[in-house]
file start_17.csv (CSV, C-alpha atoms and all ligand atoms)
chain,number,residue,atom,x,y,z
A,299,MET,CA,97.3,-76.6,-152.4
A,300,ASP,CA,99.6,-74.6,-150.2
A,301,THR,CA,101.6,-72.0,-152.1
A,302,LEU,CA,104.1,-69.4,-151.1
A,303,THR,CA,105.3,-66.3,-152.9
A,304,LEU,CA,108.7,-64.8,-152.2
A,305,GLN,CA,109.9,-61.4,-153.4
A,306,SER,CA,113.4,-61.0,-154.7
A,307,PRO,CA,115.1,-63.9,-152.9
A,308,LEU,CA,118.8,-63.1,-152.2
A,309,ASP,CA,121.7,-65.5,-151.5
A,310,MET,CA,124.2,-63.5,-149.6
A,311,HIS,CA,127.1,-66.1,-149.8
A,312,LEU,CA,127.5,-68.0,-153.0
A,313,HIS,CA,130.2,-69.8,-154.9
A,314,LEU,CA,129.7,-69.8,-158.7
A,315,ARG,CA,133.2,-71.0,-159.7
A,316,ASP,CA,134.3,-70.4,-163.3
A,317,GLU,CA,134.3,-72.0,-166.8
A,318,GLN,CA,132.3,-75.2,-167.2
A,319,MET,CA,131.3,-75.3,-163.6
A,320,LEU,CA,130.0,-71.8,-163.8
A,321,GLN,CA,128.0,-72.7,-166.8
A,322,LEU,CA,126.4,-75.6,-164.9
A,323,VAL,CA,125.6,-73.9,-161.6
A,324,ALA,CA,124.9,-70.3,-162.4
A,325,PRO,CA,121.5,-70.9,-163.9
A,326,LEU,CA,120.5,-73.1,-161.0
A,327,THR,CA,120.8,-70.1,-158.7
A,328,SER,CA,119.6,-67.4,-161.2
A,329,GLN,CA,116.3,-69.4,-161.9
A,330,THR,CA,115.1,-68.7,-158.3
A,331,PHE,CA,117.3,-65.9,-156.8
A,332,SER,CA,117.2,-62.2,-157.8
A,333,GLY,CA,120.8,-61.7,-156.7
A,334,ALA,CA,123.7,-63.2,-154.8
A,335,ILE,CA,126.9,-62.2,-153.2
A,336,ILE,CA,129.6,-63.9,-155.3
A,337,MET,CA,132.6,-65.2,-153.4
A,338,PRO,CA,136.0,-64.4,-154.9
A,339,ASN,CA,137.9,-67.6,-154.1
A,340,LEU,CA,138.7,-68.5,-157.7
A,341,VAL,CA,142.2,-69.7,-158.7
A,342,PRO,CA,143.8,-67.1,-158.8
A,343,PRO,CA,141.5,-65.1,-156.5
A,344,VAL,CA,139.5,-62.1,-157.7
A,345,ASP,CA,141.8,-59.3,-156.5
A,346,THR,CA,142.0,-56.7,-159.4
A,347,LYS,CA,139.4,-54.5,-161.0
A,348,GLU,CA,140.0,-56.1,-164.3
A,349,ALA,CA,139.5,-59.7,-163.0
A,350,LEU,CA,136.3,-58.6,-161.2
A,351,ILE,CA,134.7,-57.0,-164.2
A,352,ALA,CA,135.6,-59.9,-166.4
A,353,TYR,CA,134.3,-62.4,-163.9
A,354,LYS,CA,131.0,-60.5,-163.6
A,355,SER,CA,130.5,-60.5,-167.3
A,356,ARG,CA,131.2,-64.3,-167.5
A,357,ILE,CA,128.5,-64.8,-164.8
A,358,LEU,CA,126.0,-62.6,-166.7
A,359,GLN,CA,126.7,-64.7,-169.8
A,360,ALA,CA,126.1,-68.0,-167.9
A,361,ILE,CA,122.7,-67.2,-166.4
A,362,ASP,CA,120.6,-67.8,-169.6
A,363,ASP,CA,118.0,-65.1,-169.8
A,364,HIS,CA,117.2,-65.0,-166.1
A,365,GLN,CA,116.8,-61.8,-164.3
A,366,PHE,CA,119.7,-61.9,-161.8
A,367,GLU,CA,122.2,-59.5,-160.3
A,368,PRO,CA,125.7,-60.8,-159.2
A,369,PHE,CA,126.9,-58.7,-156.3
A,370,MET,CA,130.6,-58.9,-156.7
A,371,THR,CA,133.3,-59.2,-154.0
A,372,LEU,CA,137.1,-58.8,-154.0
A,373,PHE,CA,139.4,-61.2,-152.2
A,374,PHE,CA,140.8,-59.3,-149.2
A,375,LYS,CA,144.4,-58.1,-149.4
A,376,GLU,CA,145.9,-54.9,-148.2
A,377,TYR,CA,144.5,-52.4,-150.7
A,378,SER,CA,145.2,-48.7,-151.0
A,379,LYS,CA,142.4,-46.2,-150.5
A,380,GLU,CA,142.9,-45.0,-154.1
A,381,PHE,CA,142.4,-48.5,-155.4
A,382,LEU,CA,139.3,-49.0,-153.3
A,383,GLU,CA,137.9,-45.7,-154.4
A,384,SER,CA,138.4,-46.7,-158.0
A,385,VAL,CA,136.7,-50.1,-157.6
A,386,LYS,CA,134.0,-49.1,-155.1
A,387,ASP,CA,131.1,-48.9,-157.6
A,388,GLU,CA,131.9,-52.4,-158.9
A,389,ILE,CA,131.8,-54.2,-155.6
A,390,THR,CA,129.4,-54.9,-152.8
A,391,ALA,CA,131.9,-56.2,-150.2
A,392,ILE,CA,135.4,-57.6,-149.7
A,393,LYS,CA,135.9,-61.1,-148.4
A,394,LEU,CA,138.6,-61.9,-145.9
A,395,TYR,CA,139.9,-65.5,-145.6
A,396,PRO,CA,142.5,-66.6,-143.0
A,397,ALA,CA,145.3,-68.2,-145.2
A,398,GLY,CA,144.6,-71.8,-146.0
A,399,ILE,CA,141.5,-72.2,-143.9
A,400,THR,CA,139.2,-73.4,-146.7
A,401,THR,CA,138.9,-74.1,-150.5
A,402,ASN,CA,141.2,-71.8,-152.5
A,403,SER,CA,142.2,-69.5,-149.6
A,404,GLU,CA,145.9,-70.0,-149.7
A,405,GLY,CA,146.4,-66.3,-150.6
A,406,GLY,CA,144.4,-65.2,-147.5
A,407,VAL,CA,145.6,-63.2,-144.4
A,408,GLU,CA,148.4,-64.9,-142.4
A,409,SER,CA,147.6,-63.2,-139.2
A,410,ILE,CA,144.5,-61.1,-138.6
A,411,ASP,CA,145.8,-58.2,-136.5
A,412,VAL,CA,143.9,-55.0,-136.3
A,413,ILE,CA,147.0,-52.8,-136.4
A,414,SER,CA,148.5,-54.1,-139.7
A,415,LEU,CA,145.1,-54.3,-141.4
A,416,ALA,CA,144.0,-50.9,-140.2
A,417,PRO,CA,144.9,-48.9,-143.4
A,418,THR,CA,142.7,-51.1,-145.6
A,419,LEU,CA,139.9,-51.5,-143.0
A,420,ASN,CA,139.8,-47.8,-142.3
A,421,ALA,CA,139.6,-47.1,-146.0
A,422,MET,CA,136.7,-49.6,-146.4
A,423,SER,CA,135.0,-48.1,-143.4
A,424,GLU,CA,135.2,-44.6,-144.9
A,425,LEU,CA,134.0,-45.7,-148.3
A,426,GLY,CA,131.2,-47.8,-146.8
A,427,ILE,CA,132.5,-51.1,-148.2
A,428,PRO,CA,131.4,-54.1,-146.0
A,429,LEU,CA,133.8,-56.7,-144.8
A,430,CYS,CA,132.8,-60.4,-145.1
A,431,VAL,CA,134.8,-62.7,-142.9
A,432,HIS,CA,135.4,-66.5,-142.9
A,433,GLY,CA,135.8,-66.7,-139.1
A,434,GLU,CA,137.9,-69.7,-138.2
A,435,THR,CA,141.3,-70.1,-136.6
A,436,ASN,CA,143.5,-73.0,-137.4
A,437,GLY,CA,142.8,-74.7,-134.0
A,438,PHE,CA,140.9,-77.9,-133.3
A,439,VAL,CA,138.3,-78.2,-136.0
A,440,MET,CA,135.2,-78.1,-133.7
A,441,ASP,CA,136.6,-75.0,-131.9
A,442,ARG,CA,137.8,-72.9,-134.8
A,443,GLU,CA,134.8,-70.7,-135.0
A,444,LYS,CA,134.5,-70.2,-131.2
A,445,GLU,CA,138.2,-69.3,-131.1
A,446,PHE,CA,137.7,-66.6,-133.7
A,447,MET,CA,135.2,-64.7,-131.6
A,448,ASN,CA,137.9,-62.5,-130.0
A,449,ILE,CA,139.0,-61.5,-133.5
A,450,TYR,CA,135.5,-60.4,-134.3
A,451,ASP,CA,135.4,-58.5,-131.0
A,452,ALA,CA,138.6,-56.7,-131.9
A,453,LEU,CA,137.6,-55.9,-135.5
A,454,ALA,CA,134.1,-54.7,-134.5
A,455,SER,CA,135.3,-52.5,-131.7
A,456,GLU,CA,138.4,-51.1,-133.5
A,457,PHE,CA,136.4,-50.3,-136.6
A,458,PRO,CA,132.9,-49.3,-135.3
A,459,ASP,CA,131.8,-47.8,-138.6
A,460,LEU,CA,132.8,-50.9,-140.7
A,461,THR,CA,129.9,-53.3,-141.5
A,462,ILE,CA,131.2,-56.8,-140.7
A,463,ILE,CA,129.5,-59.9,-141.8
A,464,MET,CA,130.3,-63.2,-139.9
A,465,GLU,CA,129.9,-65.6,-142.8
A,466,HIS,CA,128.2,-69.0,-142.5
A,467,ILE,CA,128.0,-69.0,-138.7
A,468,THR,CA,127.7,-72.4,-137.1
A,469,THR,CA,127.9,-71.9,-133.3
A,470,LYS,CA,126.0,-70.6,-130.4
A,471,GLU,CA,129.0,-68.3,-129.6
A,472,ALA,CA,128.6,-66.6,-132.9
A,473,VAL,CA,124.9,-66.1,-132.5
A,474,ASP,CA,125.6,-64.5,-129.1
A,475,MET,CA,128.0,-62.1,-130.7
A,476,LEU,CA,125.2,-60.5,-132.8
A,477,ASP,CA,123.9,-58.5,-129.8
A,478,ARG,CA,127.3,-57.5,-128.6
A,479,HIS,CA,128.3,-55.2,-131.5
A,480,ASP,CA,126.1,-52.9,-133.5
A,481,ASN,CA,128.2,-53.4,-136.6
A,482,LEU,CA,128.3,-57.2,-136.6
A,483,TYR,CA,125.9,-59.3,-138.8
A,484,ALA,CA,125.8,-62.9,-140.0
A,485,THR,CA,124.9,-65.1,-142.9
A,486,ILE,CA,123.4,-68.6,-142.1
A,487,THR,CA,123.4,-71.5,-144.6
A,488,LEU,CA,120.6,-73.9,-145.2
A,489,HIS,CA,122.7,-77.0,-144.2
A,490,HIS,CA,123.8,-75.5,-140.9
A,491,LEU,CA,120.1,-75.1,-140.0
A,492,LEU,CA,119.5,-78.8,-140.7
A,493,ILE,CA,122.5,-80.9,-139.8
A,494,THR,CA,125.0,-81.5,-137.0
A,495,LEU,CA,128.3,-83.3,-137.0
A,496,ASP,CA,126.3,-86.5,-136.5
A,497,ASP,CA,124.8,-86.2,-140.0
A,498,VAL,CA,128.3,-85.8,-141.5
A,499,ALA,CA,130.3,-88.4,-139.5
A,500,GLY,CA,128.1,-90.0,-137.0
A,501,GLY,CA,127.3,-93.0,-139.2
A,502,MET,CA,128.8,-93.7,-142.6
A,503,LEU,CA,130.8,-90.7,-143.7
A,504,GLN,CA,128.7,-88.3,-145.9
A,505,PRO,CA,131.1,-86.4,-148.2
A,506,HIS,CA,128.3,-84.3,-149.7
A,507,LEU,CA,127.7,-82.8,-146.2
A,508,PHE,CA,131.3,-82.1,-145.5
A,509,CYS,CA,132.0,-78.4,-145.5
A,510,LYS,CA,133.9,-75.6,-143.7
A,511,PRO,CA,133.0,-74.6,-141.1
A,512,ILE,CA,132.1,-78.2,-140.2
A,513,ALA,CA,128.6,-78.7,-138.8
A,514,LYS,CA,128.6,-78.6,-135.0
A,515,ARG,CA,126.5,-79.6,-132.0
A,516,TYR,CA,122.7,-79.8,-131.5
A,517,GLU,CA,122.8,-76.7,-129.2
A,518,ASP,CA,124.6,-74.8,-131.9
A,519,ARG,CA,122.1,-75.7,-134.6
A,520,ASP,CA,119.2,-74.8,-132.2
A,521,ALA,CA,120.8,-71.3,-131.6
A,522,LEU,CA,121.0,-70.8,-135.4
A,523,LEU,CA,117.4,-72.0,-135.9
A,524,GLU,CA,116.2,-69.6,-133.2
A,525,VAL,CA,117.6,-66.5,-135.0
A,526,ALA,CA,116.9,-67.6,-138.5
A,527,LEU,CA,113.3,-68.7,-137.9
A,528,ASN,CA,112.5,-65.5,-136.1
A,529,ALA,CA,114.3,-63.5,-138.8
A,530,HIS,CA,116.5,-61.7,-136.3
A,531,PRO,CA,117.3,-58.4,-138.2
A,532,LYS,CA,121.0,-59.1,-138.1
A,533,VAL,CA,120.9,-62.4,-139.9
A,534,MET,CA,120.3,-63.2,-143.5
A,535,PHE,CA,120.4,-66.2,-145.8
A,536,GLY,CA,123.7,-67.1,-147.4
A,537,SER,CA,123.7,-70.6,-148.9
A,538,ASP,CA,127.5,-71.1,-149.1
A,539,SER,CA,126.4,-73.4,-151.9
A,540,ALA,CA,129.9,-74.6,-152.9
A,541,PRO,CA,129.9,-77.0,-155.8
A,542,HIS,CA,132.8,-79.4,-156.4
A,543,PRO,CA,132.9,-82.1,-159.1
A,544,GLN,CA,131.4,-85.4,-157.9
A,545,HIS,CA,134.9,-87.0,-158.2
A,546,ALA,CA,136.4,-84.4,-155.9
A,547,LYS,CA,133.8,-85.1,-153.2
A,548,GLU,CA,133.7,-88.9,-153.5
A,549,ALA,CA,137.4,-89.2,-153.1
A,550,CYS,CA,140.2,-89.9,-150.6
A,551,GLY,CA,140.7,-86.3,-149.6
A,552,CYS,CA,137.2,-84.9,-150.0
A,553,ALA,CA,136.8,-81.2,-151.0
A,554,ALA,CA,134.8,-79.1,-148.5
A,555,GLY,CA,131.5,-77.6,-149.7
A,556,VAL,CA,127.8,-78.5,-149.8
A,557,PHE,CA,125.9,-77.9,-153.1
A,558,THR,CA,122.4,-76.5,-152.2
A,559,ALA,CA,121.7,-73.9,-154.9
A,560,PRO,CA,118.9,-75.8,-156.7
A,561,ILE,CA,117.0,-76.8,-153.6
A,562,ALA,CA,117.6,-74.0,-151.2
A,563,LEU,CA,114.4,-72.1,-151.4
A,564,GLN,CA,112.2,-75.2,-151.4
A,565,VAL,CA,113.9,-76.7,-148.4
A,566,LEU,CA,113.8,-73.4,-146.5
A,567,ALA,CA,110.1,-73.3,-147.1
A,568,GLU,CA,109.8,-76.8,-145.7
A,569,LEU,CA,111.8,-75.9,-142.7
A,570,PHE,CA,110.0,-72.6,-141.9
A,571,GLU,CA,106.7,-74.3,-142.4
A,572,LYS,CA,107.6,-77.2,-140.1
A,573,HIS,CA,108.3,-74.6,-137.3
A,574,ASP,CA,105.2,-72.6,-138.2
A,575,LYS,CA,107.3,-69.6,-139.1
A,576,LEU,CA,106.6,-69.2,-142.9
A,577,GLU,CA,105.7,-65.6,-142.3
A,578,ASN,CA,109.3,-64.8,-141.4
A,579,LEU,CA,110.9,-66.4,-144.5
A,580,GLN,CA,110.6,-63.2,-146.6
A,581,LYS,CA,112.8,-61.3,-144.1
A,582,PHE,CA,115.4,-64.0,-143.8
A,583,ILE,CA,115.6,-64.6,-147.6
A,584,SER,CA,115.7,-61.0,-148.7
A,585,ASP,CA,114.5,-58.1,-146.6
A,586,ASN,CA,117.1,-58.3,-143.8
A,587,ALA,CA,119.9,-58.5,-146.4
A,588,CYS,CA,118.6,-55.4,-148.2
A,589,ASP,CA,118.6,-53.4,-144.9
A,590,ILE,CA,122.1,-54.7,-143.8
A,591,TYR,CA,123.7,-54.1,-147.2
A,592,ASN,CA,121.6,-51.2,-148.2
A,593,ILE,CA,120.8,-52.7,-151.6
A,594,LYS,CA,117.7,-52.6,-153.8
A,595,PRO,CA,117.3,-56.0,-155.5
A,596,LEU,CA,115.9,-56.6,-158.9
A,597,LYS,CA,112.2,-57.3,-158.6
A,598,LYS,CA,111.5,-61.0,-159.0
A,599,GLU,CA,108.6,-62.9,-157.7
A,600,ILE,CA,109.1,-66.6,-157.0
A,601,LYS,CA,106.2,-69.0,-156.3
A,602,LEU,CA,106.6,-72.3,-154.5
A,603,LYS,CA,104.0,-74.9,-154.0
A,604,LYS,CA,103.7,-77.6,-151.4
A,605,TYR,CA,104.2,-80.6,-153.7
A,606,PRO,CA,106.8,-83.3,-153.5
A,607,PHE,CA,109.9,-83.0,-155.6
A,608,GLU,CA,112.4,-85.7,-156.1
A,609,VAL,CA,115.9,-84.2,-156.0
A,610,PRO,CA,118.0,-85.5,-158.9
A,611,ALA,CA,121.1,-87.7,-158.2
A,612,TYR,CA,123.3,-85.1,-159.9
A,613,TYR,CA,123.3,-82.0,-162.1
A,614,LYS,CA,125.4,-82.3,-165.2
A,615,LYS,CA,126.6,-80.2,-168.1
A,616,GLY,CA,129.5,-81.1,-170.4
A,617,ASP,CA,132.1,-83.0,-168.2
A,618,GLN,CA,130.9,-81.3,-165.0
A,619,GLN,CA,128.8,-83.3,-162.7
A,620,VAL,CA,127.7,-82.1,-159.2
A,621,VAL,CA,125.7,-83.9,-156.5
A,622,PRO,CA,123.2,-81.7,-154.6
A,623,MET,CA,122.2,-82.0,-151.0
A,624,TYR,CA,119.2,-84.4,-150.7
A,625,ALA,CA,120.2,-86.2,-153.9
A,626,ASN,CA,117.7,-89.0,-154.7
A,627,GLN,CA,115.5,-87.9,-151.8
A,628,THR,CA,112.1,-86.3,-151.8
A,629,ILE,CA,111.6,-82.8,-150.5
A,630,GLN,CA,108.1,-81.4,-149.7
A,631,TRP,CA,108.1,-78.1,-151.7
A,632,SER,CA,108.6,-77.4,-155.4
A,633,LEU,CA,109.1,-74.5,-157.7
A,634,MET,CA,105.9,-73.5,-159.5
B,1,LIG,C1,133.8,-73.2,-149.8
B,1,LIG,C2,134.3,-73.5,-151.2
B,1,LIG,O1,134.3,-74.7,-151.6
B,1,LIG,O2,134.7,-72.6,-151.9
B,1,LIG,N1,133.8,-74.4,-149.1
B,1,LIG,C3,133.1,-74.7,-148.0
B,1,LIG,O3,133.3,-75.8,-147.4
B,1,LIG,N2,132.2,-73.8,-147.5
B,1,LIG,C4,134.6,-72.1,-149.2
B,1,LIG,C5,134.1,-71.6,-147.9
B,1,LIG,O4,133.1,-70.8,-148.0
B,1,LIG,O5,134.6,-71.9,-146.9
B,2,ZN,ZN,131.7,-70.0,-148.9
call {"tool": "encode", "arguments": {"input": "start_17.csv", "output": "structure tokens", "more": "lines below"}}
Ligand code: NCD
Ligand code: ZN
result
Amino acid sequence: MDTLTLQSPLDMHLHLRDEQMLQLVAPLTSQTFSGAIIMPNLVPPVDTKEALIAYKSRILQAIDDHQFEPFMTLFFKEYSKEFLESVKDEITAIKLYPAGITTNSEGGVESIDVISLAPTLNAMSELGIPLCVHGETNGFVMDREKEFMNIYDALASEFPDLTIIMEHITTKEAVDMLDRHDNLYATITLHHLLITLDDVAGGMLQPHLFCKPIAKRYEDRDALLEVALNAHPKVMFGSDSAPHPQHAKEACGCAAGVFTAPIALQVLAELFEKHDKLENLQKFISDNACDIYNIKPLKKEIKLKKYPFEVPAYYKKGDQQVVPMYANQTIQWSLM
């Protein structure tokens, strides 16, 4: 039987939510991942040291006895250097959302202009705090990421010592940006390596595949696959696993987000194997992220086997019920 061993898998973009949903989803990541970058888009957003520390301890309580490190982030606002110095040891990055662009981002930045944001970004740069960015304008939905590229250009050239992560990239244009600036990196999700807009809306509408940024064209997916499968040193895995209750997805006014946490590693193994690139998965799933963020993950060895696994229709705890990607379908790799 084919088996695969991965060392300290990392999910560099994860939504764990809070309360009952946190209790449900946190163990589904911590069973297989050694650590994850935890997104701060709670209601209200995580934007104080007290909220951050309290959220981290709720996460640690929710992960059973798994060995797992939550890498915490703050929701971007204009912060003083004194504040950032005081919180530096508690955070791994700060996440910037354009206002209103996605789930719980209403308190984000109204207009991303390098002059007004300079005091905060210079302080982050001096303190070595990376900036994670949700890079979409509020233009036509298929063009939002592409239109954001000149903002990445401005940020990367104006703040050359700031590590900037283009989160969940979905376009060929974003892939091309990687080689244009030394300080620009990217996370790529599982679903954007697999689907295009056709899978979301080409036939019957698939609410469980609806997310921000929306899946794009075939040529975009191919560009993402090219850098992920070859473990381009500036890209790393970030699932953007974004659980919403089943009733909020299967609704008139469907919440954006694809829930992939429990199947991510297994399906990545299937994808990399299909393209005869399994030897690159370790870099994509962990090593590149360690180099980019300069982190040492908790040691954790995960073994997978090539053996069919039927993905459950839903995961449930208390009143919370979430539908994963590939619900009721069979995937080709399983956890050992
Ligand atoms: C995310 C969420 O639900 O928090 N949704 C999504 O569609 N990806 C937010 C985000 O990362 O955009
Ligand atoms: Zn996200």
call {"tool": "residues_near_point", "arguments": {"input": "start_17.csv", "point": "(124.4, -68.2, -142.5)", "cutoff": "7 Å", "atoms": "all atoms listed in the file", "output": "PyMOL selection string"}}
result
chain A and resi 465-467+484-487+534-537
call {"tool": "closest_residue", "arguments": {"input": "start_17.csv", "among": "A:Ile389, A:Met475, A:Cys550, A:Ile336", "to": "ligand LIG 1 (chain B)", "atoms": "all atoms listed in the file"}}
result
A:Ile336
call {"tool": "atom_distance", "arguments": {"input": "start_17.csv", "atom1": "atom CA of Asn578 of chain A", "atom2": "atom CA of Leu563 of chain A"}}
result
13.4 Å
call {"tool": "residues_near_ligand", "arguments": {"input": "start_17.csv", "ligand": "ligand LIG 1 (chain B)", "cutoff": "10 Å", "atoms": "all atoms listed in the file", "output": "MDAnalysis selection string"}}
result
chainID A and resid 311:315 337:340 395 399:403 431:434 465:466 487 507:512 537:542 553:557
call {"tool": "closest_residue", "arguments": {"input": "start_17.csv", "among": "A:Pro343, A:Phe446, A:Leu302, A:Lys575", "to": "Lys375 of chain A", "atoms": "all atoms listed in the file"}}
result
A:Pro343
call {"tool": "residues_around", "arguments": {"input": "start_17.csv", "residues": "His545 of chain A", "least_positions_apart": "5", "cutoff": "9 Å", "atoms": "all atoms listed in the file", "output": "tab-separated table (two decimals) with C-alpha atoms, in the frame of the given file"}}
result
chain	number	residue	atom	x	y	z
A	552	CYS	CA	137.20	-84.90	-150.00
A	619	GLN	CA	128.80	-83.30	-162.70
A	620	VAL	CA	127.70	-82.10	-159.20
call {"tool": "atom_distance", "arguments": {"input": "start_17.csv", "atom1": "atom CA of Glu376 of chain A", "atom2": "atom CA of His479 of chain A"}}
result
24.3 Å
call {"tool": "residues_around", "arguments": {"input": "start_17.csv", "residues": "Glu568 of chain A", "least_positions_apart": "6", "cutoff": "9 Å", "atoms": "only C-alpha atoms", "output": "NGL selection string"}}
result
:A and (576 or 604 or 629-631)
call {"tool": "residues_near_point", "arguments": {"input": "start_17.csv", "point": "(113.3, -67.3, -163.0)", "cutoff": "6 Å", "atoms": "only C-alpha atoms", "output": "ChimeraX atom specification"}}
result
/A:329-330,364
call {"tool": "atom_distance", "arguments": {"input": "start_17.csv", "atom1": "atom CA of Lys615 of chain A", "atom2": "atom CA of Gln504 of chain A"}}
result
23.7 Å
call {"tool": "closest_residue", "arguments": {"input": "start_17.csv", "among": "A:Val323, A:Ala454, A:Ile449, A:Ala549", "to": "Pro505 of chain A", "atoms": "only C-alpha atoms"}}
result
A:Ala549
call {"tool": "residues_around", "arguments": {"input": "start_17.csv", "residues": "Cys588 of chain A", "least_positions_apart": "6", "cutoff": "9 Å", "atoms": "only C-alpha atoms", "output": "PyMOL selection string"}}
result
chain A and resi 308+594-595
call {"tool": "closest_residue", "arguments": {"input": "start_17.csv", "among": "A:Met440, A:Met370, A:Cys430, A:Ala397", "to": "ligand ZN 2 (chain B)", "atoms": "all atoms listed in the file"}}
result
A:Cys430
call {"tool": "residues_around", "arguments": {"input": "start_17.csv", "residues": "Val473 of chain A", "least_positions_apart": "3", "cutoff": "9 Å", "atoms": "all atoms listed in the file", "output": "number ranges by chain"}}
result
A: 467-470, 476-477, 484, 518, 521-522, 525
call {"tool": "write_last_selection", "arguments": {"input": "start_17.csv", "atoms": "C-alpha atoms", "output": "PDB file, in the frame of the given file"}}
result
ATOM      1  CA  ILE A 467     128.000 -69.000-138.700  1.00  0.00           C
ATOM      2  CA  THR A 468     127.700 -72.400-137.100  1.00  0.00           C
ATOM      3  CA  THR A 469     127.900 -71.900-133.300  1.00  0.00           C
ATOM      4  CA  LYS A 470     126.000 -70.600-130.400  1.00  0.00           C
ATOM      5  CA  LEU A 476     125.200 -60.500-132.800  1.00  0.00           C
ATOM      6  CA  ASP A 477     123.900 -58.500-129.800  1.00  0.00           C
ATOM      7  CA  ALA A 484     125.800 -62.900-140.000  1.00  0.00           C
ATOM      8  CA  ASP A 518     124.600 -74.800-131.900  1.00  0.00           C
ATOM      9  CA  ALA A 521     120.800 -71.300-131.600  1.00  0.00           C
ATOM     10  CA  LEU A 522     121.000 -70.800-135.400  1.00  0.00           C
ATOM     11  CA  VAL A 525     117.600 -66.500-135.000  1.00  0.00           C
TER      12      VAL A 525
END
call {"tool": "closest_residue", "arguments": {"input": "start_17.csv", "among": "A:Glu383, A:Pro396, A:Thr461, A:Ile583", "to": "Leu566 of chain A", "atoms": "all atoms listed in the file"}}
result
A:Ile583
call {"tool": "closest_residue", "arguments": {"input": "start_17.csv", "among": "A:Thr327, A:Ser355, A:Gln627, A:Asn448", "to": "Glu471 of chain A", "atoms": "all atoms listed in the file"}}
result
A:Asn448
call {"tool": "residues_around", "arguments": {"input": "start_17.csv", "residues": "Leu350 of chain A", "least_positions_apart": "5", "cutoff": "8 Å", "atoms": "all atoms listed in the file", "output": "ChimeraX atom specification"}}
result
/A:344-345,370-372,388
